[in-house]
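Visitor: Next up, data-v4.txt (compact mmCIF, C-alpha atoms).
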```txt
# COMPACT_ATOMS: atom_id res chain seq x y z
CA MET A 81 0.00 0.00 0.00
CA PHE A 82 2.83 2.42 0.85
CA TYR A 83 4.01 2.14 -2.76
CA LEU A 84 0.62 3.19 -4.14
CA THR A 85 0.27 6.34 -2.02
CA LYS A 86 2.56 8.41 -4.26
CA THR A 87 4.17 10.06 -1.25
CA ARG A 88 7.40 10.86 -3.02
CA GLY A 89 8.36 13.29 -0.27
CA ALA A 90 8.29 10.42 2.22
CA TYR A 91 10.64 8.42 -0.01
CA LEU A 92 13.01 11.37 -0.20
CA GLY A 93 12.90 11.85 3.58
CA LEU A 94 13.54 8.16 4.19
CA PHE A 95 16.47 8.18 1.76
CA VAL A 96 18.08 11.29 3.27
CA GLY A 97 17.52 10.11 6.85
CA VAL A 98 19.04 6.67 6.25
CA VAL A 99 22.05 8.13 4.44
CA ILE A 100 22.75 10.71 7.17
CA LEU A 101 22.30 8.19 9.96
CA ALA A 102 24.56 5.66 8.22
CA LEU A 103 27.25 8.28 7.51
CA GLY A 104 27.12 9.37 11.14
CA VAL A 105 27.54 5.79 12.35
CA ILE A 106 30.39 5.23 9.87
CA LEU A 107 32.20 8.35 11.12
CA LYS A 108 31.73 7.48 14.82
CA THR A 109 32.66 3.79 14.71
CA SER A 110 35.47 1.58 13.52
CA GLY A 111 36.22 -2.03 12.71
CA LYS A 112 33.50 -4.55 11.90
CA LYS A 113 30.65 -2.20 12.73
CA ARG A 114 31.97 0.41 10.31
CA ARG A 115 32.39 -2.16 7.51
CA LEU A 116 28.91 -3.56 8.11
CA VAL A 117 27.23 -0.16 8.06
CA THR A 118 29.25 0.88 4.98
CA SER A 119 28.17 -2.29 3.16
CA CYS A 120 24.54 -1.72 4.14
CA LEU A 121 24.72 1.90 2.97
CA ILE A 122 26.16 0.88 -0.41
CA LEU A 123 23.42 -1.74 -0.80
CA PHE A 124 20.76 0.82 0.19
CA LEU A 125 22.13 3.35 -2.33
CA MET A 126 22.14 0.75 -5.10
CA LEU A 127 18.56 -0.36 -4.33
CA SER A 128 17.38 3.24 -4.10
CA SER A 129 19.02 4.13 -7.41
CA GLY A 130 17.41 1.14 -9.07
CA LEU A 131 14.00 2.04 -7.66
CA PHE A 132 14.38 5.62 -8.85
CA LEU A 133 15.37 4.57 -12.38
CA VAL A 134 12.45 2.14 -12.64
CA GLN A 135 9.95 4.66 -11.24
CA LYS A 136 11.45 7.91 -12.58
CA ASP A 137 8.39 9.00 -14.58
CA ARG A 138 6.03 8.25 -11.70
CA ILE A 139 8.26 10.04 -9.21
CA LEU A 140 8.64 13.16 -11.37
CA GLU A 141 5.03 13.42 -12.60
CA SER A 142 3.96 16.18 -10.18
CA VAL A 143 7.08 18.35 -10.40
CA GLY A 144 5.44 20.76 -12.85
CA GLY A 145 2.58 21.47 -10.44
CA ARG A 146 5.00 22.03 -7.59
CA ILE A 147 6.99 24.53 -9.64
CA VAL A 148 3.79 26.42 -10.49
CA SER A 149 2.87 26.47 -6.79
CA TRP A 150 6.32 27.74 -5.85
CA GLU A 151 6.14 30.51 -8.45
CA ILE A 152 2.79 31.58 -7.01
CA SER A 153 4.33 31.36 -3.53
CA TRP A 154 7.17 33.67 -4.54
CA ASN A 155 4.71 36.27 -5.83
CA ALA A 156 2.59 36.00 -2.67
CA PHE A 157 5.69 36.26 -0.46
CA LYS A 158 6.82 39.44 -2.26
CA GLU A 159 3.46 41.01 -1.48
CA ARG A 160 3.64 40.31 2.29
CA PRO A 161 7.27 39.47 3.13
CA LEU A 162 7.48 40.37 6.80
CA LEU A 163 4.56 38.60 8.50
CA GLY A 164 3.00 36.71 5.59
CA TRP A 165 -0.63 35.94 4.92
CA GLY A 166 -1.28 34.17 8.23
CA PRO A 167 -1.17 30.48 9.14
CA GLU A 168 -3.33 28.21 6.96
CA ASN A 169 -4.06 31.08 4.53
CA TYR A 170 -1.98 29.75 1.65
CA ILE A 171 -5.14 29.17 -0.39
CA LEU A 172 -5.88 32.93 -0.29
CA ALA A 173 -2.40 33.77 -1.58
CA PHE A 174 -2.68 31.02 -4.21
CA ALA A 175 -6.07 32.32 -5.40
CA LYS A 176 -4.85 35.91 -5.64
CA HIS A 177 -1.70 35.09 -7.61
CA TYR A 178 -3.04 32.23 -9.72
CA GLN A 179 -2.75 32.76 -13.46
CA PRO A 180 -4.97 30.89 -15.95
CA GLU A 181 -2.03 29.65 -18.03
CA PHE A 182 -0.92 27.60 -15.02
CA SER A 183 -3.83 25.23 -15.69
CA ASP A 184 -1.85 23.85 -18.65
CA VAL A 185 0.71 22.50 -16.19
CA GLU A 186 -1.38 21.71 -13.10
CA LYS A 187 -5.12 21.13 -12.94
CA ASN A 188 -5.36 20.92 -9.13
CA TRP A 189 -6.04 23.86 -6.85
CA PHE A 190 -3.47 23.96 -4.04
CA ASP A 191 -4.44 24.88 -0.50
CA LYS A 192 -0.89 24.19 0.69
CA ALA A 193 2.45 25.10 -0.86
CA HIS A 194 3.72 21.49 -0.96
CA ASN A 195 7.04 22.84 0.30
CA ILE A 196 7.79 23.61 3.94
CA LEU A 197 9.92 26.65 3.13
CA TRP A 198 7.25 28.26 0.97
CA GLU A 199 4.51 27.29 3.42
CA TYR A 200 6.25 29.20 6.23
CA ALA A 201 7.39 32.06 3.98
CA VAL A 202 3.87 32.69 2.66
CA GLY A 203 2.02 31.94 5.91
CA ALA A 204 4.34 33.53 8.46
CA GLY A 205 6.65 35.74 6.40
CA ILE A 206 10.39 35.94 6.74
CA LEU A 207 10.15 36.25 10.53
CA GLY A 208 8.19 33.02 10.87
CA LEU A 209 10.40 31.19 8.38
CA LEU A 210 13.59 32.22 10.17
CA SER A 211 12.09 31.28 13.54
CA PHE A 212 11.15 27.82 12.29
CA LEU A 213 14.55 27.25 10.67
CA SER A 214 16.38 28.35 13.83
CA VAL A 215 14.43 25.86 15.95
CA LEU A 216 15.44 23.08 13.54
CA TYR A 217 19.04 24.32 13.38
CA PHE A 218 19.55 24.28 17.16
CA ALA A 219 17.84 20.89 17.48
CA VAL A 220 20.06 19.41 14.74
CA LYS A 221 23.19 20.80 16.42
CA LYS A 222 22.25 19.21 19.73
CA SER A 223 21.90 15.52 18.86
CA PHE A 224 23.28 13.20 16.20
CA PHE A 225 20.19 10.98 16.09
CA SER A 226 17.83 13.93 16.08
CA ALA A 227 19.84 15.48 13.25
CA SER A 228 19.18 12.52 10.97
CA VAL A 229 15.46 12.43 11.83
CA LEU A 230 14.96 16.20 11.54
CA VAL A 231 16.89 16.49 8.27
CA ALA A 232 14.79 13.60 6.93
CA PHE A 233 11.63 15.45 8.04
CA PHE A 234 12.83 18.64 6.38
CA SER A 235 13.79 16.83 3.15
CA ALA A 236 10.43 15.08 2.95
CA ASN A 237 8.62 18.36 3.45
CA LEU A 238 10.40 20.02 0.55
CA PHE A 239 7.90 18.17 -1.69
CA TRP A 240 5.18 17.31 0.75
CA LEU A 241 2.84 19.16 3.07
CA GLU A 242 2.57 19.26 6.81
CA THR A 243 -0.32 17.52 8.48
CA THR A 244 -1.28 17.40 12.13
CA SER A 245 0.00 13.85 12.51
CA VAL A 246 3.38 14.79 11.04
CA LEU A 247 3.64 17.88 13.24
CA VAL A 248 2.91 15.84 16.38
CA LEU A 249 5.87 13.60 15.51
CA LEU A 250 8.03 16.66 14.87
CA TYR A 251 7.16 18.13 18.27
CA VAL A 252 7.85 14.81 20.00
CA MET A 253 11.24 14.65 18.25
CA LEU A 254 12.06 18.23 19.26
CA ALA A 255 11.13 17.46 22.87
CA TRP A 256 13.24 14.30 22.80
CA THR A 257 16.17 16.31 21.49
CA GLU A 258 15.86 18.70 24.42
CA VAL A 259 15.82 15.88 26.99
CA ASP A 260 18.36 13.46 25.52
CA GLU A 261 21.38 15.05 23.82
CA ASP A 262 22.73 11.72 22.58
CA GLY A 263 19.42 10.41 21.32
CA PRO A 264 18.52 6.73 21.45
CA LEU A 265 21.51 5.65 19.37
CA SER A 266 24.46 6.41 21.60
CA ILE A 267 27.40 5.30 19.50
```
Spit out the file's structure as structure tokens when you get a sec.
Guide:
Amino acid sequence: MFYLTKTRGAYLGLFVGVVILALGVILKTSGKKRRLVTSCLILFLMLSSGLFLVQKDRILESVGGRIVSWEISWNAFKERPLLGWGPENYILAFAKHYQPEFSDVEKNWFDKAHNILWEYAVGAGILGLLSFLSVLYFAVKKSFFSASVLVAFFSANLFWLETTSVLVLLYVMLAWTEVDEDGPLSI
């Protein structure tokens, strides 16, 4: 079922998270453990590359719509750069800056930016975007395990949209980072 959901952002997040976690383990260990993790990473990269090549058209099918959405986001951001349009008001910015020729590329009407950076830039302006990025930055600096999970979250949300269930997991991860500096994978 996971395959049929077309959540390409989730695949990207999984890929980035596994690679960062594996590289971190490789850098922090030696001997057999390092060779094992290196072998597993190489196998994972080969399998991921094969999956991408087989599914390239399916994976890239919605890129045009995302680019249209991001162009609209840029125009909306320029109109209200400091504080934005307000949380959950992306649809208003999209409606105002939508151009009919975009329907040749994307038929769907977006109520979210499908990109975490544009979602915060349009909804909360530059102040909200910088605040969000600084929270992630300090959390990533604090814990190796949290860094891999948070960078995976961020990568997935470059082509995805936030939902309440995803945000709950983000907040749990941020709280965990605050409590446990080493994370669950003390190496």
Visitor: Hey, what's within 10 Å of Ile152 in chain A if we count all atoms listed in the file and toss same-chain stuff fewer than 4 positions away? As a list in words, please?
Guide: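 After dropping sequence-adjacent residues, the list is Arg146, Ile147, Val148, Ala156, Phe157, Ala173, Phe174, Ala175, Lys176, His177, Tyr178, Gln179, Phe182, Ala193, Trp198 and Val202 of chain A.
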Visitor: Write out as a Markdown table the residues of range 131-236 of chain A that have any atom within 10 Å of an atom of range 243-260 of chain A, one row each with the nearest atom pair and its distance in Å to one decimal, counting only C-alpha atoms, sorted by chain and then rising number.
Guide:
```
| residue | atom | partner | partner_atom | distance |
| --- | --- | --- | --- | --- |
| A:Val215 | CA | A:Leu254 | CA | 8.6 |
| A:Leu216 | CA | A:Leu254 | CA | 8.2 |
| A:Phe218 | CA | A:Thr257 | CA | 9.7 |
| A:Ala219 | CA | A:Thr257 | CA | 6.3 |
| A:Val220 | CA | A:Thr257 | CA | 8.4 |
| A:Lys221 | CA | A:Thr257 | CA | 9.8 |
| A:Lys222 | CA | A:Thr257 | CA | 7.0 |
| A:Ser223 | CA | A:Thr257 | CA | 6.4 |
| A:Phe224 | CA | A:Thr257 | CA | 9.4 |
| A:Phe225 | CA | A:Thr257 | CA | 8.6 |
| A:Ser226 | CA | A:Thr257 | CA | 6.1 |
| A:Ala227 | CA | A:Thr257 | CA | 9.1 |
| A:Val229 | CA | A:Met253 | CA | 8.0 |
| A:Leu230 | CA | A:Leu250 | CA | 7.7 |
| A:Phe233 | CA | A:Leu250 | CA | 7.8 |
| A:Phe234 | CA | A:Leu250 | CA | 10.0 |
```
Visitor: Dump C-alpha atoms for the selected residues as a CSV table (one decimal), in the frame of the given file?
Guide:
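The result, written out as out_9.csv:
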```
chain,number,residue,atom,x,y,z
A,215,VAL,CA,14.4,25.9,16.0
A,216,LEU,CA,15.4,23.1,13.5
A,218,PHE,CA,19.6,24.3,17.2
A,219,ALA,CA,17.8,20.9,17.5
A,220,VAL,CA,20.1,19.4,14.7
A,221,LYS,CA,23.2,20.8,16.4
A,222,LYS,CA,22.2,19.2,19.7
A,223,SER,CA,21.9,15.5,18.9
A,224,PHE,CA,23.3,13.2,16.2
A,225,PHE,CA,20.2,11.0,16.1
A,226,SER,CA,17.8,13.9,16.1
A,227,ALA,CA,19.8,15.5,13.2
A,229,VAL,CA,15.5,12.4,11.8
A,230,LEU,CA,15.0,16.2,11.5
A,233,PHE,CA,11.6,15.4,8.0
A,234,PHE,CA,12.8,18.6,6.4
```
Visitor: Please work out which residues fall within 12 Å of (-2.1, 37.2, 5.1), coordinates as given in the file, with only C-alpha atoms counting, and return them as a PyMOL selection string.
Guide: chain A and resi 156-174+176+200-205
Visitor: To one decimal in Å, tell me the separation between CA of Met126 in chain A and CA of Ala102 in chain A.
Guide: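 Interatomic distance, CA of Met126 in chain A to CA of Ala102 in chain A: 14.4 Å.
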Visitor: How close does each residue of range 119-211 of chain A get to range 239-242 of chain A, giving the shortest atom pair and distance in Å to one decimal for every residue with an atom at most 7 Å away, counting all atoms listed in the file, sorted by chain and residue number, as CSV?
Guide:
```
residue,atom,partner,partner_atom,distance
A:Lys192,CA,A:Leu241,CA,6.7
A:His194,CA,A:Leu241,CA,4.7
A:Asn195,CA,A:Phe239,CA,5.1
A:Ile196,CA,A:Leu241,CA,6.7
```
Visitor: Could the residues in this selection be saved with C-alpha atoms as an mmCIF file, in the coordinates of the input?
Guide:
```
data_model
loop_
_atom_site.group_PDB
_atom_site.id
_atom_site.type_symbol
_atom_site.label_atom_id
_atom_site.label_comp_id
_atom_site.auth_asym_id
_atom_site.auth_seq_id
_atom_site.Cartn_x
_atom_site.Cartn_y
_atom_site.Cartn_z
ATOM 1 C CA LYS A 192 -0.890 24.190 0.690
ATOM 2 C CA HIS A 194 3.720 21.490 -0.960
ATOM 3 C CA ASN A 195 7.040 22.840 0.300
ATOM 4 C CA ILE A 196 7.790 23.610 3.940
#
```
